[in-house]
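A.B. asks: Just passing along the structure, written as structure tokens.
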Amino acid sequence: LIPWTSDNDYIATERTLAAMYDMSPEDKKVWDDHGLAFFFDNYYHRVCVTDKFMNGQLAKLWTTKSYEWYPLIYPYADIFIAKELSSSDGSNSNSMIRDQLGCEHSMDSFRPAQRKGVYQDSFQVSIPNDAEKVLERVYGSTWRIPDKEKRP
């Protein structure tokens, strides 16, 4: 949704992130066979695609060389942790999550997820049900305008 960013950012609940780390060797092989890697790089939990992704079709478009310390030639996504919050009555109705920036979001903003094409529609990713509401809550009402202080 933000075309001038170099990566995709995802919010995952603590339970989802724990399940990703606890994947069986068989599940990890499925990820590898599909060209996906999941890891922690001292700063962020990340998912990146490898040259196996889409049977190598996406890799044909890559022109950037990797940096010595990190293979940024591959498209990647940062995964930010969200804490699930209980309602005051302890039920899961109107469940909320709080992201790493402290923003609280209704789960209705995220589910059901929608599919959107990225990287020139070469593949699709899941985005929040009300993605613009989430983006405005995290980045403010000017989220559609590139920040000139940051390199796009």
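Residues are named by chain letter and number: chains run A, B, ... in the order of the structure tokens, numbers start at 1 in each chain, and ligands are numbered from 1 in the order shown.
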Give me, as a ChimeraX atom specification, the residues of chain A that a backbone DSSP run labels alpha helix (DSSP H).
C.D. replies: /A:14-21,25-33,131-139
A.B. asks: Which polymer residues have any atom within 9 Å of an atom of His105 of chain A, counting only C-alpha atoms, with same-chain residues fewer than 3 positions away left out, as a short mmCIF file (atom, residue, chain, number, x, y, z; two decimals) with C-alpha atoms, in the first residue's frame?
C.D. replies:
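Below is the file that was written, selection.cif:
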data_model
loop_
_atom_site.label_atom_id
_atom_site.label_comp_id
_atom_site.auth_asym_id
_atom_site.auth_seq_id
_atom_site.Cartn_x
_atom_site.Cartn_y
_atom_site.Cartn_z
CA SER A 95 -10.70 -8.21 20.81
CA MET A 96 -7.89 -5.74 20.43
CA ILE A 97 -4.16 -5.89 19.84
CA ARG A 98 -1.42 -3.42 20.76
CA ASP A 99 1.48 -3.12 18.34
CA ASP A 108 -11.95 -6.23 12.96
CA SER A 109 -9.42 -3.93 11.26
CA PHE A 110 -7.31 -6.98 10.42
CA VAL A 134 -4.43 0.71 10.34
CA ARG A 137 -3.47 4.88 13.13
#
A.B. asks: Show which residues sit within 9 Å of segment 43-56 of chain A, as a list in words. Count only C-alpha atoms, and ignore same-chain residues fewer than 2 positions away.
C.D. replies: Leu17, Asp32, Asp33, His34, Gly35, Leu36, Ala37, Phe38, Phe39, Phe40, Asp41, Leu58, Ala59, Lys60, Ile73, Tyr74, Pro75, Tyr76, Ala77, Asp78, Ile79, Phe80, Ile81, Ser122 and Phe123 of chain A
A.B. asks: I need the chosen residues saved as a CSV table (one decimal), in the first residue's frame, with N, CA, C and O atoms.
C.D. replies:
chain,number,residue,atom,x,y,z
A,17,LEU,N,3.7,-15.6,16.2
A,17,LEU,CA,5.2,-15.5,16.0
A,17,LEU,C,5.8,-16.8,16.7
A,17,LEU,O,6.7,-17.4,16.1
A,32,ASP,N,11.0,-23.5,2.7
A,32,ASP,CA,12.2,-23.5,1.9
A,32,ASP,C,11.9,-23.9,0.4
A,32,ASP,O,12.3,-23.2,-0.5
A,33,ASP,N,11.1,-24.9,0.3
A,33,ASP,CA,10.7,-25.3,-1.1
A,33,ASP,C,10.0,-24.3,-1.9
A,33,ASP,O,10.0,-24.2,-3.1
A,34,HIS,N,9.2,-23.4,-1.1
A,34,HIS,CA,8.5,-22.3,-1.8
A,34,HIS,C,9.3,-21.0,-1.8
A,34,HIS,O,8.8,-20.0,-2.2
A,35,GLY,N,10.5,-21.1,-1.4
A,35,GLY,CA,11.4,-19.9,-1.5
A,35,GLY,C,11.2,-18.8,-0.4
A,35,GLY,O,11.3,-17.6,-0.6
A,36,LEU,N,10.8,-19.3,0.8
A,36,LEU,CA,10.6,-18.4,1.9
A,36,LEU,C,11.6,-18.7,3.1
A,36,LEU,O,11.8,-19.9,3.4
A,37,ALA,N,12.1,-17.7,3.7
A,37,ALA,CA,13.0,-17.9,4.9
A,37,ALA,C,12.5,-17.0,6.0
A,37,ALA,O,12.0,-15.9,5.8
A,38,PHE,N,12.5,-17.5,7.2
A,38,PHE,CA,12.1,-16.8,8.4
A,38,PHE,C,13.2,-16.8,9.4
A,38,PHE,O,13.8,-17.8,9.7
A,39,PHE,N,13.5,-15.6,10.0
A,39,PHE,CA,14.7,-15.5,10.9
A,39,PHE,C,14.6,-14.3,11.7
A,39,PHE,O,13.8,-13.4,11.4
A,40,PHE,N,15.4,-14.2,12.7
A,40,PHE,CA,15.6,-13.0,13.5
A,40,PHE,C,17.0,-12.4,13.2
A,40,PHE,O,18.0,-13.2,13.3
A,41,ASP,N,17.1,-11.2,12.9
A,41,ASP,CA,18.4,-10.6,12.5
A,41,ASP,C,19.0,-9.6,13.5
A,41,ASP,O,19.7,-8.7,13.1
A,58,LEU,N,10.6,-14.3,-9.9
A,58,LEU,CA,10.8,-13.0,-9.3
A,58,LEU,C,12.3,-12.6,-9.3
A,58,LEU,O,12.7,-11.5,-9.5
A,59,ALA,N,13.2,-13.6,-9.1
A,59,ALA,CA,14.6,-13.4,-9.0
A,59,ALA,C,15.2,-12.8,-10.3
A,59,ALA,O,16.2,-12.1,-10.3
A,60,LYS,N,14.5,-13.1,-11.4
A,60,LYS,CA,15.0,-12.5,-12.7
A,60,LYS,C,14.9,-11.0,-12.7
A,60,LYS,O,15.6,-10.4,-13.5
A,73,ILE,N,19.2,-8.3,-1.4
A,73,ILE,CA,18.8,-8.4,-2.8
A,73,ILE,C,17.4,-9.1,-2.8
A,73,ILE,O,16.7,-9.0,-3.8
A,74,TYR,N,17.1,-9.7,-1.7
A,74,TYR,CA,15.8,-10.5,-1.6
A,74,TYR,C,14.7,-9.5,-1.0
A,74,TYR,O,15.0,-8.9,0.0
A,75,PRO,N,13.5,-9.5,-1.6
A,75,PRO,CA,12.4,-8.8,-0.9
A,75,PRO,C,12.2,-9.4,0.4
A,75,PRO,O,12.2,-10.6,0.6
A,76,TYR,N,11.9,-8.5,1.4
A,76,TYR,CA,11.7,-9.0,2.8
A,76,TYR,C,10.6,-8.3,3.4
A,76,TYR,O,10.2,-7.3,3.0
A,77,ALA,N,10.2,-8.9,4.5
A,77,ALA,CA,9.1,-8.2,5.4
A,77,ALA,C,9.6,-8.3,6.8
A,77,ALA,O,10.2,-9.2,7.3
A,78,ASP,N,9.4,-7.1,7.5
A,78,ASP,CA,9.6,-7.1,8.9
A,78,ASP,C,8.3,-7.5,9.6
A,78,ASP,O,7.2,-7.2,9.2
A,79,ILE,N,8.5,-8.3,10.7
A,79,ILE,CA,7.3,-8.7,11.5
A,79,ILE,C,7.4,-8.1,12.8
A,79,ILE,O,8.4,-8.2,13.6
A,80,PHE,N,6.4,-7.3,13.1
A,80,PHE,CA,6.3,-6.6,14.4
A,80,PHE,C,5.3,-7.3,15.3
A,80,PHE,O,4.3,-7.8,14.8
A,81,ILE,N,5.7,-7.4,16.5
A,81,ILE,CA,4.9,-8.2,17.5
A,81,ILE,C,3.7,-7.4,18.0
A,81,ILE,O,3.9,-6.2,18.4
A,122,SER,N,3.4,-9.3,-9.2
A,122,SER,CA,4.1,-10.6,-9.4
A,122,SER,C,3.6,-11.6,-8.4
A,122,SER,O,3.7,-12.8,-8.7
A,123,PHE,N,3.2,-11.2,-7.2
A,123,PHE,CA,2.6,-12.1,-6.3
A,123,PHE,C,1.7,-11.3,-5.3
A,123,PHE,O,1.7,-10.1,-5.4
A.B. asks: May I ask for the distance between atom CA of Glu14 of chain A and atom CA of Arg111 of chain A, given in Å to one decimal place?
C.D. replies: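 Computed distance, atom CA of Glu14 of chain A to atom CA of Arg111 of chain A, equals 16.6 Å.
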A.B. asks: With only C-alpha atoms as the basis for distance, which of A:Gly117, A:Asp147, A:Asp27, A:Tyr10 is at the shortest distance from Gln100 of chain A?
C.D. replies: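 Of all the options, A:Tyr10 lies closest to Gln100 of chain A.
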A.B. asks: Of the candidates A:Thr142, A:Ala12, A:Lys148, A:Glu84, which one gets nearest to Pro128 of chain A if we count only C-alpha atoms?
C.D. replies: A:Ala12
A.B. asks: What is the distance, in Å and to one decimal place, between atom CA of Pro112 of chain A and atom CA of Ser24 of chain A?
C.D. replies: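 It comes out at 26.4 Å.
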A.B. asks: Grab the atom CA of Asp9 of chain A to atom CA of Gln114 of chain A distance for me, in Å with one decimal place.
C.D. replies: 15.0 Å
